$ cat work-v8.pdb   # PDB, C-alpha atoms
ATOM      1  CA  MET Y 129     -50.413  17.272  86.753
ATOM      2  CA  SER Y 130     -52.114  18.942  83.843
ATOM      3  CA  ARG Y 131     -55.282  17.630  82.255
ATOM      4  CA  ILE Y 132     -53.367  16.857  79.033
ATOM      5  CA  ILE Y 133     -50.840  14.723  80.890
ATOM      6  CA  ARG Y 134     -53.628  12.911  82.792
ATOM      7  CA  THR Y 135     -55.431  12.197  79.521
ATOM      8  CA  THR Y 136     -52.197  11.057  77.927
ATOM      9  CA  LEU Y 137     -51.486   8.731  80.843
ATOM     10  CA  GLN Y 138     -54.962   7.241  80.543
ATOM     11  CA  CYS Y 139     -54.355   6.540  76.841
ATOM     12  CA  LEU Y 140     -50.989   4.840  77.251
ATOM     13  CA  SER Y 141     -50.687   1.395  75.835
ATOM     14  CA  LEU Y 142     -48.185  -1.306  76.582
ATOM     15  CA  ALA Y 143     -47.833  -4.523  74.667
ATOM     16  CA  PHE Y 144     -46.154  -7.629  76.032
ATOM     17  CA  ALA Y 145     -44.787 -10.235  73.716
ATOM     18  CA  CYS Y 146     -43.113 -13.364  74.983
ATOM     19  CA  ALA Y 147     -40.617 -14.774  72.555
ATOM     20  CA  ALA Y 148     -41.835 -18.091  71.245
ATOM     21  CA  SER Y 149     -39.654 -21.108  70.790
ATOM     22  CA  ALA Y 150     -38.598 -21.649  67.190
ATOM     23  CA  HIS Y 151     -39.245 -25.396  67.406
ATOM     24  CA  ALA Y 152     -41.573 -27.735  69.259
ATOM     25  CA  ALA Y 153     -40.373 -28.814  72.698
ATOM     26  CA  PRO Y 154     -40.099 -32.525  73.499
ATOM     27  CA  GLN Y 155     -42.927 -34.010  75.562
ATOM     28  CA  GLY Y 156     -42.576 -33.109  79.261
ATOM     29  CA  THR Y 157     -40.591 -30.011  78.313
ATOM     30  CA  SER Y 158     -41.811 -26.408  78.102
ATOM     31  CA  THR Y 159     -40.524 -22.858  78.318
ATOM     32  CA  ALA Y 160     -41.303 -20.399  81.118
ATOM     33  CA  LYS Y 161     -44.621 -18.608  80.533
ATOM     34  CA  LEU Y 162     -45.644 -15.211  81.832
ATOM     35  CA  ASP Y 163     -48.777 -15.120  84.016
ATOM     36  CA  PHE Y 164     -50.244 -11.861  82.680
ATOM     37  CA  ASP Y 165     -52.759 -11.689  85.555
ATOM     38  CA  SER Y 166     -49.874 -11.378  88.038
ATOM     39  CA  CYS Y 167     -48.383  -8.304  86.352
ATOM     40  CA  GLU Y 168     -49.285  -4.698  86.892
ATOM     41  CA  LYS Y 169     -48.901  -2.348  83.978
ATOM     42  CA  PRO Y 170     -45.569  -0.523  84.340
ATOM     43  CA  GLN Y 171     -45.739   3.173  85.092
ATOM     44  CA  TYR Y 172     -44.740   5.244  82.071
ATOM     45  CA  PRO Y 173     -42.034   7.550  83.472
ATOM     46  CA  HIS Y 174     -43.377  11.107  83.652
ATOM     47  CA  ALA Y 175     -40.328  12.656  81.947
ATOM     48  CA  ASP Y 176     -40.668  10.182  79.061
ATOM     49  CA  VAL Y 177     -44.352  11.099  78.636
ATOM     50  CA  GLN Y 178     -43.477  14.789  78.535
ATOM     51  CA  ALA Y 179     -40.692  14.143  76.009
ATOM     52  CA  ALA Y 180     -42.977  11.832  73.945
ATOM     53  CA  HIS Y 181     -40.494   8.956  74.204
ATOM     54  CA  GLU Y 182     -41.636   5.648  72.733
ATOM     55  CA  GLY Y 183     -39.788   2.442  71.977
ATOM     56  CA  THR Y 184     -39.466  -1.283  72.407
ATOM     57  CA  VAL Y 185     -37.192  -2.876  74.974
ATOM     58  CA  THR Y 186     -36.230  -6.544  74.775
ATOM     59  CA  LEU Y 187     -35.476  -8.088  78.151
ATOM     60  CA  HIS Y 188     -33.776 -11.387  78.922
ATOM     61  CA  PHE Y 189     -34.820 -12.787  82.265
ATOM     62  CA  LEU Y 190     -34.118 -15.837  84.393
ATOM     63  CA  VAL Y 191     -37.180 -17.564  85.843
ATOM     64  CA  ASP Y 192     -36.484 -20.019  88.658
ATOM     65  CA  GLY Y 193     -38.248 -23.314  89.297
ATOM     66  CA  THR Y 194     -40.914 -21.591  91.418
ATOM     67  CA  GLY Y 195     -41.844 -19.087  88.694
ATOM     68  CA  ARG Y 196     -40.083 -16.043  90.134
ATOM     69  CA  VAL Y 197     -37.690 -13.767  88.271
ATOM     70  CA  LYS Y 198     -34.156 -14.218  89.608
ATOM     71  CA  ASP Y 199     -32.294 -11.967  87.183
ATOM     72  CA  SER Y 200     -32.927  -9.771  84.155
ATOM     73  CA  LYS Y 201     -30.897  -7.972  81.509
ATOM     74  CA  VAL Y 202     -31.659  -5.545  78.712
ATOM     75  CA  LEU Y 203     -30.891  -7.282  75.412
ATOM     76  CA  LYS Y 204     -32.046  -4.412  73.203
ATOM     77  CA  SER Y 205     -32.735  -0.951  74.559
ATOM     78  CA  SER Y 206     -35.763   1.147  73.737
ATOM     79  CA  GLY Y 207     -33.283   3.978  73.342
ATOM     80  CA  PHE Y 208     -34.285   5.423  76.715
ATOM     81  CA  ALA Y 209     -32.737   4.066  79.915
ATOM     82  CA  THR Y 210     -35.719   5.143  82.027
ATOM     83  CA  LEU Y 211     -38.161   3.158  79.853
ATOM     84  CA  ASP Y 212     -35.844   0.145  79.944
ATOM     85  CA  GLU Y 213     -35.587   0.276  83.741
ATOM     86  CA  ALA Y 214     -39.345   0.759  84.209
ATOM     87  CA  ALA Y 215     -39.993  -2.365  82.113
ATOM     88  CA  ARG Y 216     -37.308  -4.367  83.924
ATOM     89  CA  ALA Y 217     -38.624  -3.340  87.357
ATOM     90  CA  ALA Y 218     -42.219  -4.236  86.410
ATOM     91  CA  LEU Y 219     -41.162  -7.627  85.066
ATOM     92  CA  ALA Y 220     -39.420  -8.437  88.342
ATOM     93  CA  GLN Y 221     -42.834  -8.250  90.078
ATOM     94  CA  CYS Y 222     -44.528 -10.746  87.726
ATOM     95  CA  SER Y 223     -45.087 -14.452  88.259
ATOM     96  CA  PHE Y 224     -44.433 -17.139  85.687
ATOM     97  CA  GLN Y 225     -45.154 -20.766  85.069
ATOM     98  CA  PRO Y 226     -41.659 -22.228  85.303
ATOM     99  CA  ALA Y 227     -40.057 -24.068  82.440
ATOM    100  CA  LEU Y 228     -40.309 -27.851  82.544
ATOM    101  CA  LYS Y 229     -37.654 -30.376  81.627
ATOM    102  CA  ASN Y 230     -38.655 -34.030  81.750
ATOM    103  CA  GLY Y 231     -41.758 -32.927  83.662
ATOM    104  CA  LYS Y 232     -39.811 -31.116  86.411
ATOM    105  CA  ALA Y 233     -39.711 -27.359  87.009
ATOM    106  CA  VAL Y 234     -36.329 -25.844  86.118
ATOM    107  CA  GLN Y 235     -34.903 -22.353  85.868
ATOM    108  CA  GLN Y 236     -34.564 -20.926  82.375
ATOM    109  CA  TRP Y 237     -33.657 -17.694  80.573
ATOM    110  CA  THR Y 238     -36.521 -16.310  78.465
ATOM    111  CA  LYS Y 239     -37.213 -13.108  76.505
ATOM    112  CA  VAL Y 240     -39.968 -10.531  76.815
ATOM    113  CA  GLN Y 241     -40.558  -7.358  74.814
ATOM    114  CA  TYR Y 242     -42.235  -4.264  76.233
ATOM    115  CA  VAL Y 243     -43.579  -1.826  73.677
ATOM    116  CA  TRP Y 244     -43.945   1.693  75.054
ATOM    117  CA  SER Y 245     -46.452   3.733  73.055
ATOM    118  CA  LEU Y 246     -48.303   6.944  73.812
ATOM    119  CA  ASN Y 247     -51.145   6.176  71.389
TER
END

$ encode --input "work-v8.pdb" --output "structure tokens"
Amino acid sequence: MSRIIRTTLQCLSLAFACAASAHAAPQGTSTAKLDFDSCEKPQYPHADVQAAHEGTVTLHFLVDGTGRVKDSKVLKSSGFATLDEAARAALAQCSFQPALKNGKAVQQWTKVQYVWSLN
């Protein structure tokens, strides 16, 4: 790998943004929350680095009552299938605090955005 590519890879940034609920949840109720410490930064696909691809992918994912991802879907593509898949695969390895309903852990669909940027 060339020195330029290595430098570029070192400068990559990735922003996570969990979609927030539009209204306050009743007491004893909460949405699933990403445990950022459990996630490794996704690998920026080499071909996308070389092509200078950037974009934001919005993922919809199902977190079970134990905090694990059971399913995920791309709601809005970054415009590059390889970036979308890299984000989806990385998310599947993360842990979450499960959603609560009446104080009990339940499965719930939630959104996450990955922002792929070479800056």

$ closest_residue --input "work-v8.pdb" --among "Y:Pro226, Y:Gly183, Y:Gly156, Y:Gly231" --to "Y:Thr210" --atoms "all atoms listed in the file"
Y:Gly183

$ atom_distance --input "work-v8.pdb" --atom1 "atom CA of Y:Leu246" --atom2 "atom CA of Y:Leu190"
28.8 Å

$ closest_residue --input "work-v8.pdb" --among "Y:Val202, Y:Ala214, Y:Val240, Y:Val191" --to "Y:His174" --atoms "only C-alpha atoms"
Y:Ala214

$ atom_distance --input "work-v8.pdb" --atom1 "atom CA of Y:Ala209" --atom2 "atom CA of Y:Thr184"
11.4 Å

$ atom_distance --input "work-v8.pdb" --atom1 "atom CA of Y:Ala220" --atom2 "atom CA of Y:Thr157"
23.8 Å

$ resolve_selection --input "work-v8.pdb" --expression "the PyMOL selection byres ((chain Y and resi 166-168) around 10)" --output "PyMOL selection string"
chain Y and resi 162-165+169-171+218-224

$ closest_residue --input "work-v8.pdb" --among "Y:Val243, Y:Ala233, Y:Leu203, Y:Ala175" --to "Y:Ser158" --atoms "all atoms listed in the file"
Y:Ala233

$ closest_residue --input "work-v8.pdb" --among "Y:Gln235, Y:Ser206, Y:Ser245, Y:Thr159" --to "Y:Gly193" --atoms "all atoms listed in the file"
Y:Gln235

$ closest_residue --input "work-v8.pdb" --among "Y:Ala160, Y:Ala217, Y:Ala180, Y:Val185" --to "Y:Asp199" --atoms "only C-alpha atoms"
Y:Ala217
